[in-house]
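Pasting protein_2.cif here (mmCIF, C-alpha atoms and all ligand atoms):
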```
data_target
#
loop_
_atom_site.label_atom_id
_atom_site.label_comp_id
_atom_site.auth_asym_id
_atom_site.auth_seq_id
_atom_site.Cartn_x
_atom_site.Cartn_y
_atom_site.Cartn_z
CA MET A 1 36.05 100.16 -182.39
CA PRO A 2 37.40 98.16 -179.45
CA ILE A 3 35.40 95.17 -178.30
CA VAL A 4 36.39 93.69 -174.95
CA ARG A 5 35.06 90.35 -173.72
CA GLY A 6 35.86 87.56 -171.33
CA PHE A 7 35.51 89.42 -168.04
CA LYS A 8 35.46 87.54 -164.83
CA LEU A 9 32.56 88.98 -162.90
CA ASN A 10 32.76 88.46 -159.17
CA ILE A 11 29.34 88.64 -157.58
CA ASP A 12 28.87 87.34 -154.08
CA VAL A 13 25.91 86.65 -151.86
CA ASP A 14 26.49 89.79 -149.78
CA GLN A 15 26.19 92.02 -152.83
CA LEU A 16 23.02 90.26 -153.90
CA VAL A 17 21.50 90.54 -150.43
CA ARG A 18 22.18 94.27 -150.41
CA VAL A 19 20.63 95.11 -153.79
CA SER A 20 17.69 92.74 -153.57
CA GLY A 21 16.25 94.39 -150.49
CA GLY A 22 17.30 91.65 -148.11
CA GLY A 23 18.79 94.14 -145.67
CA GLY A 24 22.43 94.86 -145.07
CA ALA A 25 23.96 91.44 -144.47
CA GLN A 26 23.48 87.72 -144.84
CA ALA A 27 22.83 87.49 -141.10
CA THR A 28 19.53 89.31 -141.56
CA ILE A 29 17.90 86.64 -143.74
CA GLY A 30 16.76 83.13 -142.90
CA GLN A 31 18.64 79.93 -143.72
CA ARG A 32 16.26 78.84 -146.49
CA ALA A 33 16.38 82.19 -148.18
CA LEU A 34 20.15 82.25 -147.83
CA GLU A 35 20.38 78.90 -149.61
CA ARG A 36 18.33 80.33 -152.47
CA TYR A 37 20.67 83.31 -152.72
CA GLN A 38 23.66 80.94 -152.78
CA GLN A 39 22.09 78.78 -155.50
CA VAL A 40 21.43 81.78 -157.71
CA VAL A 41 24.92 83.23 -157.24
CA ALA A 42 26.38 79.81 -158.11
CA GLU A 43 24.21 79.42 -161.20
CA ALA A 44 24.63 82.90 -162.66
CA PRO A 45 28.22 82.76 -164.06
CA SER A 46 27.29 80.03 -166.53
CA LEU A 47 24.51 82.26 -167.90
CA MET A 48 26.55 85.41 -168.57
CA ASP A 49 28.68 86.41 -171.55
CA PRO A 50 30.08 89.80 -170.52
CA ILE A 51 31.12 92.05 -173.37
CA LEU A 52 31.63 95.74 -174.02
CA LEU A 53 32.15 97.97 -177.01
CA TYR A 54 33.49 101.51 -176.89
CA GLU A 55 34.61 104.27 -179.20
CA VAL A 56 36.05 107.75 -178.78
CA PHE A 57 34.39 110.68 -180.56
CA GLU A 58 35.70 114.24 -180.90
CA VAL A 59 33.60 116.98 -179.31
CA ASP A 60 33.01 120.13 -181.29
CA HIS A 61 31.11 122.16 -178.72
CA VAL A 62 29.41 121.86 -175.34
CA GLY A 63 26.64 124.42 -174.78
CA GLN A 64 24.20 125.00 -171.93
CA ASP A 65 22.08 122.00 -172.73
CA ARG A 66 23.71 120.11 -175.59
CA LEU A 67 26.88 118.48 -176.74
CA THR A 68 27.82 118.56 -180.41
CA LEU A 69 30.34 116.18 -181.97
CA THR A 70 32.61 117.12 -184.84
CA SER A 71 30.56 114.71 -186.95
CA GLY A 72 27.56 117.00 -186.42
CA HIS A 73 25.69 114.53 -184.19
CA GLU A 74 24.14 116.09 -181.09
CA PHE A 75 23.12 114.94 -177.64
CA SER A 76 20.90 117.09 -175.45
CA GLY A 77 20.44 117.49 -171.71
CA ARG A 78 21.52 120.04 -169.12
CA LEU A 79 23.19 117.52 -166.83
CA LEU A 80 25.02 115.94 -169.74
CA ALA A 81 26.33 119.37 -170.73
CA LYS A 82 27.25 120.14 -167.13
CA PHE A 83 29.12 116.87 -166.59
CA MET A 84 30.99 117.29 -169.90
CA ARG A 85 31.48 121.04 -169.89
CA THR A 86 35.22 120.95 -170.81
CA ALA A 87 35.22 117.64 -172.70
CA SER A 88 37.26 117.49 -175.87
CA LYS A 89 36.24 113.87 -176.41
CA VAL A 90 33.36 111.67 -175.40
CA VAL A 91 33.56 107.91 -175.13
CA LEU A 92 30.37 106.06 -176.03
CA ILE A 93 30.05 102.61 -174.53
CA CYS A 94 27.70 99.66 -174.74
CA CYS A 95 27.89 96.85 -172.16
CA SER A 96 25.99 93.57 -172.09
CA ILE A 97 25.94 90.15 -170.51
CA GLY A 98 24.05 88.57 -173.41
CA PRO A 99 20.56 87.06 -173.48
CA ARG A 100 20.98 83.77 -171.63
CA LEU A 101 20.49 85.03 -168.07
CA GLU A 102 17.24 86.84 -168.84
CA GLU A 103 16.00 83.79 -170.76
CA ARG A 104 16.51 81.77 -167.57
CA VAL A 105 14.72 84.48 -165.57
CA ALA A 106 11.76 84.21 -167.96
CA TYR A 107 11.80 80.42 -167.57
CA TYR A 108 11.72 80.71 -163.76
CA GLN A 109 8.83 83.18 -164.02
CA ARG A 110 6.88 80.82 -166.32
CA THR A 111 7.40 77.90 -164.00
CA GLY A 112 6.42 79.73 -160.81
CA ALA A 113 9.91 80.06 -159.35
CA THR A 114 9.36 83.77 -158.85
CA ALA A 115 11.82 84.27 -156.00
CA LYS A 116 14.62 82.73 -158.02
CA ALA A 117 13.59 84.80 -161.04
CA TYR A 118 13.75 87.97 -158.97
CA LEU A 119 17.15 87.16 -157.51
CA LEU A 120 18.66 86.08 -160.82
CA ASP A 121 17.40 89.28 -162.43
CA ALA A 122 19.14 91.25 -159.66
CA VAL A 123 22.37 89.34 -160.33
CA GLY A 124 22.04 90.32 -163.99
CA SER A 125 21.74 93.99 -163.08
CA LEU A 126 24.79 93.71 -160.83
CA ALA A 127 26.70 92.02 -163.61
CA VAL A 128 25.94 94.76 -166.15
CA ASP A 129 27.07 97.24 -163.53
CA LEU A 130 30.37 95.38 -163.22
CA VAL A 131 30.88 95.42 -166.99
CA ALA A 132 30.23 99.18 -166.92
CA GLN A 133 32.83 99.47 -164.16
CA GLU A 134 35.36 97.77 -166.39
CA ALA A 135 34.48 100.22 -169.17
CA ARG A 136 34.98 103.13 -166.79
CA ARG A 137 38.36 101.75 -165.79
CA LEU A 138 39.44 101.54 -169.44
CA VAL A 139 38.29 105.10 -170.12
CA ARG A 140 40.09 106.40 -167.03
CA GLU A 141 43.30 104.76 -168.23
CA LEU A 142 42.85 106.29 -171.65
CA ALA A 143 42.29 109.76 -170.18
CA GLU A 144 45.22 109.47 -167.79
CA SER A 145 47.53 108.49 -170.65
CA GLU A 146 46.67 111.86 -172.18
CA GLY A 147 46.96 113.77 -168.89
CA MET A 148 43.20 114.33 -168.83
CA SER A 149 40.36 113.64 -166.43
CA VAL A 150 37.02 111.93 -166.92
CA SER A 151 33.46 113.06 -166.29
CA ALA A 152 30.89 111.15 -164.32
CA PRO A 153 29.15 108.67 -166.64
CA LEU A 154 25.66 109.29 -167.89
CA SER A 155 23.22 107.21 -169.91
CA PRO A 156 20.43 108.18 -172.30
CA GLY A 157 17.21 108.30 -170.31
CA GLN A 158 19.00 109.39 -167.17
CA SER A 159 18.70 112.79 -165.51
CA GLY A 160 17.28 114.81 -168.37
CA TRP A 161 19.19 113.14 -171.19
CA PRO A 162 16.34 112.09 -173.53
CA LEU A 163 16.05 108.34 -174.00
CA THR A 164 15.52 108.99 -177.72
CA ASP A 165 19.19 110.04 -177.95
CA GLN A 166 19.83 106.31 -177.62
CA ARG A 167 19.16 106.21 -181.38
CA THR A 168 22.03 108.60 -182.08
CA LEU A 169 24.28 106.63 -179.77
CA PHE A 170 23.43 103.39 -181.57
CA GLU A 171 23.96 105.03 -184.97
CA LEU A 172 27.44 106.17 -183.90
CA LEU A 173 28.57 103.12 -181.95
CA GLY A 174 26.85 100.22 -183.72
CA PRO A 175 26.18 97.89 -180.75
CA GLY A 176 24.74 95.33 -183.15
CA ARG A 177 28.32 94.11 -183.46
CA ILE A 178 28.13 92.83 -179.88
CA GLY A 179 24.59 91.50 -180.28
CA VAL A 180 22.70 94.46 -178.80
CA SER A 181 19.78 95.96 -180.70
CA LEU A 182 17.40 98.85 -180.08
CA SER A 183 13.62 98.69 -180.42
CA PRO A 184 11.59 101.56 -181.95
CA SER A 185 10.74 102.58 -178.38
CA CYS A 186 14.45 102.63 -177.47
CA VAL A 187 14.48 99.45 -175.35
CA MET A 188 17.67 97.44 -175.65
CA ASN A 189 17.74 93.75 -176.42
CA PRO A 190 19.15 91.90 -174.50
CA LEU A 191 17.58 93.81 -171.64
CA LYS A 192 20.65 93.22 -169.51
CA SER A 193 22.60 95.74 -171.52
CA SER A 194 23.55 99.31 -170.89
CA THR A 195 24.92 102.32 -172.67
CA LEU A 196 26.84 105.21 -171.24
CA ALA A 197 28.86 108.23 -172.21
CA ILE A 198 31.97 109.49 -170.43
CA GLY A 199 33.64 112.79 -171.25
CA ILE A 200 37.41 113.23 -171.42
CA GLY A 201 38.90 116.67 -170.85
CA PRO A 202 40.55 118.94 -168.30
CA GLU A 203 39.14 119.26 -164.77
CA LEU A 204 36.16 116.98 -165.29
CA GLY A 205 34.48 115.05 -162.49
CA GLU A 206 36.07 117.14 -159.76
CA SER A 207 32.84 117.79 -157.87
CA GLY A 208 32.33 114.06 -157.36
CA GLU A 209 28.69 114.43 -158.41
CA THR A 210 26.99 111.53 -160.13
CA ALA A 211 23.65 111.05 -161.85
CA CYS A 212 22.29 109.73 -158.50
CA ASP A 213 22.62 113.23 -157.01
CA TYR A 214 20.02 114.44 -159.50
CA CYS A 215 17.76 111.39 -159.52
CA PRO A 216 14.24 111.63 -158.04
CA LEU A 217 14.58 108.03 -156.81
CA LYS A 218 17.74 108.59 -154.84
CA GLU A 219 16.14 108.37 -151.38
CA SER A 220 14.45 105.03 -152.01
CA CYS A 221 16.77 103.43 -154.54
CA ASN A 222 18.18 100.04 -153.58
CA PHE A 223 20.97 100.32 -156.11
CA ARG A 224 22.37 103.65 -155.05
CA SER A 225 25.56 103.08 -153.04
CA ARG A 226 24.94 99.34 -153.02
CA THR A 227 26.23 98.44 -156.44
CA PRO A 228 29.96 98.04 -157.05
CA SER A 229 29.97 101.38 -158.87
CA HIS A 230 27.76 103.05 -156.23
CA GLY A 231 24.85 103.81 -158.46
CA CYS A 232 23.32 103.10 -161.82
CA ASP A 233 25.82 104.68 -164.10
CA VAL A 234 24.09 102.69 -166.72
CA ALA A 235 20.63 102.43 -168.21
CA THR A 236 19.71 98.85 -167.52
CA SER A 237 16.41 97.13 -167.84
CA PRO A 238 13.87 97.31 -165.04
CA GLY A 239 15.00 95.12 -162.18
CA PRO A 240 14.51 95.11 -158.43
CA GLU A 241 12.85 98.20 -157.02
CA GLY A 242 11.49 98.98 -160.45
CA ARG A 243 14.88 99.86 -161.77
S1 LIG A 301 21.19 104.14 -158.98
FE1 LIG A 301 19.16 104.74 -158.23
S2 LIG A 301 19.43 106.85 -157.48
FE2 LIG A 301 21.14 106.40 -158.86
S3 LIG A 301 20.47 107.14 -160.87
FE3 LIG A 301 19.98 104.92 -160.75
S4 LIG A 301 17.83 104.88 -160.04
FE4 LIG A 301 18.63 106.94 -159.58
#
```

Serialized structure, structure tokens:
Amino acid sequence: MPIVRGFKLNIDVDQLVRVSGGGGAQATIGQRALERYQQVVAEAPSLMDPILLYEVFEVDHVGQDRLTLTSGHEFSGRLLAKFMRTASKVVLICCSIGPRLEERVAYYQRTGATAKAYLLDAVGSLAVDLVAQEARRLVRELAESEGMSVSAPLSPGQSGWPLTDQRTLFELLGPGRIGVSLSPSCVMNPLKSSTLAIGIGPELGESGETACDYCPLKESCNFRSRTPSHGCDVATSPGPEGR
């Protein structure tokens, strides 16, 4: 099972301003606030240990509302089945930036530095998104080497895929090997972690639809079209805007 680590994550102040509700550009926020954004962006890299784990699984059957692997494991959800309708393989992925950033967020919250805590949490969400982007790039390369296409990514808990399927994903993938665990209520630890599934097969992803197109939050979501991957392809912990 490939483990990839040591990413360089490039997060700049503009990205942070966009996803943290500060408007569309640095010019729209005051000098003091801008300095806080800059401090947080400068501090964050030393608090992140980006890592991802992925594995390819053979698909036995995709029905109307479920996907069955040759191992007998099943995932359910209409959108999952739609996105992966011709998939012969599914790649399960777990991404994380480790626990240190969220520990610093908790410290800032305890000590009353709530604005810094909020901004650093947003950087963490952006960072997990960037790790997921790297995973998507690797899966695209893998599919292209086989002359195949990839589906849009989807995560347990997203768009009708039951969050409880996270247990099956963890059983198959074993994210404990990269330091990610799952609580009985299916919350990941570290919180700044994500899981996703991407199908590989013929003529997948052609519609360009993503999970955002089916999300009830899409009109108000700060992350949609503002993250590097243009949406939460990943199930991250709650962050800005309740995400
Ligand atoms: S990025 Fe926003 S709109 Fe897209 S799936 Fe996530 S919460 Fe929904």

Box dimensions and centre (Å, one decimal) enclosing ligand LIG 301 (chain A), axis-aligned, 3 Å extra per side, as JSON:
```
{"center_x": 19.5, "center_y": 105.6, "center_z": -159.2, "size_x": 9.4, "size_y": 9.0, "size_z": 9.4}
```

Query - Between CA of Pro184 (chain A) and CA of Trp161 (chain A), distance in Å (one decimal) - result: 17.5 Å

Requested in this report: May I have the residues within 10 Å of region 166-169 of chain A as a list in words, using all atoms listed in the file and disregarding those fewer than 5 positions away in the same chain?
Outcome: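 Listed by chain and then number, they are His73, Glu74, Phe75, Leu92, Ile93, Cys94, Ser155, Pro156, Gly157, Trp161, Gly174, Pro175, Leu182, Ser183, Pro184, Ser185, Cys186, Val187, Met188, Thr195, Leu196 and Ala197 of chain A.
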
Requested in this report: Kindly provide, as a list of chain:residue names, the polymer residues lying within 6 Å of (18.6, 85.0, -156.3), counting only C-alpha atoms and using the coordinates exactly as they appear in the file.
Outcome: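 Checking each residue against the 6 Å limit leaves A:Tyr37, A:Val40, A:Lys116, A:Leu119, A:Leu120.
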
Take the residues just selected and output them with C-alpha atoms as a compact mmCIF listing (two decimals), in the coordinates of the input.
```txt
# COMPACT_ATOMS: atom_id res chain seq x y z
CA TYR A 37 20.67 83.31 -152.72
CA VAL A 40 21.43 81.78 -157.71
CA LYS A 116 14.62 82.73 -158.02
CA LEU A 119 17.15 87.16 -157.51
CA LEU A 120 18.66 86.08 -160.82
```

Query raised in the report: Between A:Gly30, A:Pro190, A:Pro202, A:Gly160, which one has atoms that come closest to ligand LIG 301 (chain A), using all atoms listed in the file?
Result: A:Gly160

Quick test: take region 126-232 of chain A, keep C-alpha atoms, and write it as a CSV table (one decimal), in the first residue's frame.
```
chain,number,residue,atom,x,y,z
A,126,LEU,CA,-6.6,24.1,2.8
A,127,ALA,CA,-3.6,21.9,3.5
A,128,VAL,CA,-5.6,18.7,3.6
A,129,ASP,CA,-7.3,19.8,0.4
A,130,LEU,CA,-3.8,20.2,-1.2
A,131,VAL,CA,-2.8,16.7,0.0
A,132,ALA,CA,-6.0,15.4,-1.6
A,133,GLN,CA,-5.1,17.2,-4.8
A,134,GLU,CA,-1.8,15.4,-4.8
A,135,ALA,CA,-3.6,12.1,-4.3
A,136,ARG,CA,-5.9,12.9,-7.2
A,137,ARG,CA,-2.9,13.7,-9.4
A,138,LEU,CA,-1.4,10.3,-8.6
A,139,VAL,CA,-4.6,8.4,-9.4
A,140,ARG,CA,-5.0,10.3,-12.7
A,141,GLU,CA,-1.5,9.3,-13.7
A,142,LEU,CA,-2.3,5.7,-12.7
A,143,ALA,CA,-5.5,5.7,-14.8
A,144,GLU,CA,-3.8,7.3,-17.8
A,145,SER,CA,-1.1,4.7,-17.8
A,146,GLU,CA,-3.8,2.1,-18.3
A,147,GLY,CA,-5.7,4.2,-20.9
A,148,MET,CA,-8.5,4.8,-18.4
A,149,SER,CA,-10.3,7.8,-17.0
A,150,VAL,CA,-11.1,8.8,-13.4
A,151,SER,CA,-14.4,9.6,-11.6
A,152,ALA,CA,-15.0,12.6,-9.5
A,153,PRO,CA,-13.8,11.9,-5.9
A,154,LEU,CA,-16.3,11.3,-3.2
A,155,SER,CA,-15.9,10.8,0.6
A,156,PRO,CA,-17.9,8.9,3.1
A,157,GLY,CA,-20.5,11.3,4.6
A,158,GLN,CA,-20.7,13.2,1.4
A,159,SER,CA,-23.8,13.4,-0.9
A,160,GLY,CA,-25.6,10.3,0.3
A,161,TRP,CA,-22.6,8.1,0.9
A,162,PRO,CA,-23.2,7.0,4.6
A,163,LEU,CA,-20.5,8.2,7.0
A,164,THR,CA,-20.6,4.7,8.6
A,165,ASP,CA,-19.0,3.3,5.4
A,166,GLN,CA,-15.9,5.0,6.7
A,167,ARG,CA,-15.5,1.9,8.8
A,168,THR,CA,-15.3,-0.3,5.7
A,169,LEU,CA,-12.9,2.1,4.2
A,170,PHE,CA,-10.7,2.0,7.3
A,171,GLU,CA,-10.9,-1.8,7.4
A,172,LEU,CA,-9.7,-2.0,3.8
A,173,LEU,CA,-7.1,0.7,3.8
A,174,GLY,CA,-5.7,0.7,7.3
A,175,PRO,CA,-5.0,4.4,7.8
A,176,GLY,CA,-3.5,3.6,11.2
A,177,ARG,CA,-0.3,3.1,9.4
A,178,ILE,CA,-0.1,6.8,8.7
A,179,GLY,CA,-1.4,7.7,12.2
A,180,VAL,CA,-5.0,8.2,11.4
A,181,SER,CA,-7.7,6.5,13.6
A,182,LEU,CA,-11.5,6.4,13.5
A,183,SER,CA,-13.7,6.9,16.5
A,184,PRO,CA,-16.8,4.8,17.2
A,185,SER,CA,-18.8,7.7,15.8
A,186,CYS,CA,-16.7,7.8,12.6
A,187,VAL,CA,-14.7,10.9,13.4
A,188,MET,CA,-11.1,10.8,12.2
A,189,ASN,CA,-8.2,11.7,14.5
A,190,PRO,CA,-6.3,13.8,13.6
A,191,LEU,CA,-9.2,15.9,12.6
A,192,LYS,CA,-7.2,17.4,9.8
A,193,SER,CA,-7.5,14.2,7.8
A,194,SER,CA,-9.6,13.1,4.9
A,195,THR,CA,-10.6,10.0,3.1
A,196,LEU,CA,-11.8,9.7,-0.5
A,197,ALA,CA,-12.6,7.2,-3.2
A,198,ILE,CA,-11.9,7.7,-6.9
A,199,GLY,CA,-13.1,5.2,-9.5
A,200,ILE,CA,-10.9,4.1,-12.5
A,201,GLY,CA,-12.6,2.9,-15.7
A,202,PRO,CA,-13.8,3.9,-19.1
A,203,GLU,CA,-15.6,7.2,-19.7
A,204,LEU,CA,-15.7,8.3,-16.1
A,205,GLY,CA,-15.9,11.9,-15.0
A,206,GLU,CA,-17.0,13.2,-18.4
A,207,SER,CA,-19.9,15.3,-17.1
A,208,GLY,CA,-17.6,17.3,-15.0
A,209,GLU,CA,-20.0,17.0,-12.1
A,210,THR,CA,-18.6,17.0,-8.5
A,211,ALA,CA,-20.0,16.4,-5.1
A,212,CYS,CA,-20.6,20.1,-4.8
A,213,ASP,CA,-23.2,20.0,-7.5
A,214,TYR,CA,-25.3,17.8,-5.2
A,215,CYS,CA,-24.5,19.5,-1.9
A,216,PRO,CA,-27.2,21.4,0.0
A,217,LEU,CA,-24.6,23.9,1.1
A,218,LYS,CA,-23.4,24.8,-2.3
A,219,GLU,CA,-24.9,28.3,-2.5
A,220,SER,CA,-23.4,29.4,0.8
A,221,CYS,CA,-20.2,27.4,1.0
A,222,ASN,CA,-17.0,29.3,1.4
A,223,PHE,CA,-14.9,26.4,0.2
A,224,ARG,CA,-16.7,25.7,-3.0
A,225,SER,CA,-14.6,27.1,-5.9
A,226,ARG,CA,-12.2,28.7,-3.5
A,227,THR,CA,-10.1,25.8,-2.6
A,228,PRO,CA,-7.3,24.7,-4.8
A,229,SER,CA,-9.4,21.7,-5.9
A,230,HIS,CA,-12.5,23.8,-6.2
A,231,GLY,CA,-14.5,22.1,-3.5
A,232,CYS,CA,-14.3,19.7,-0.7
```
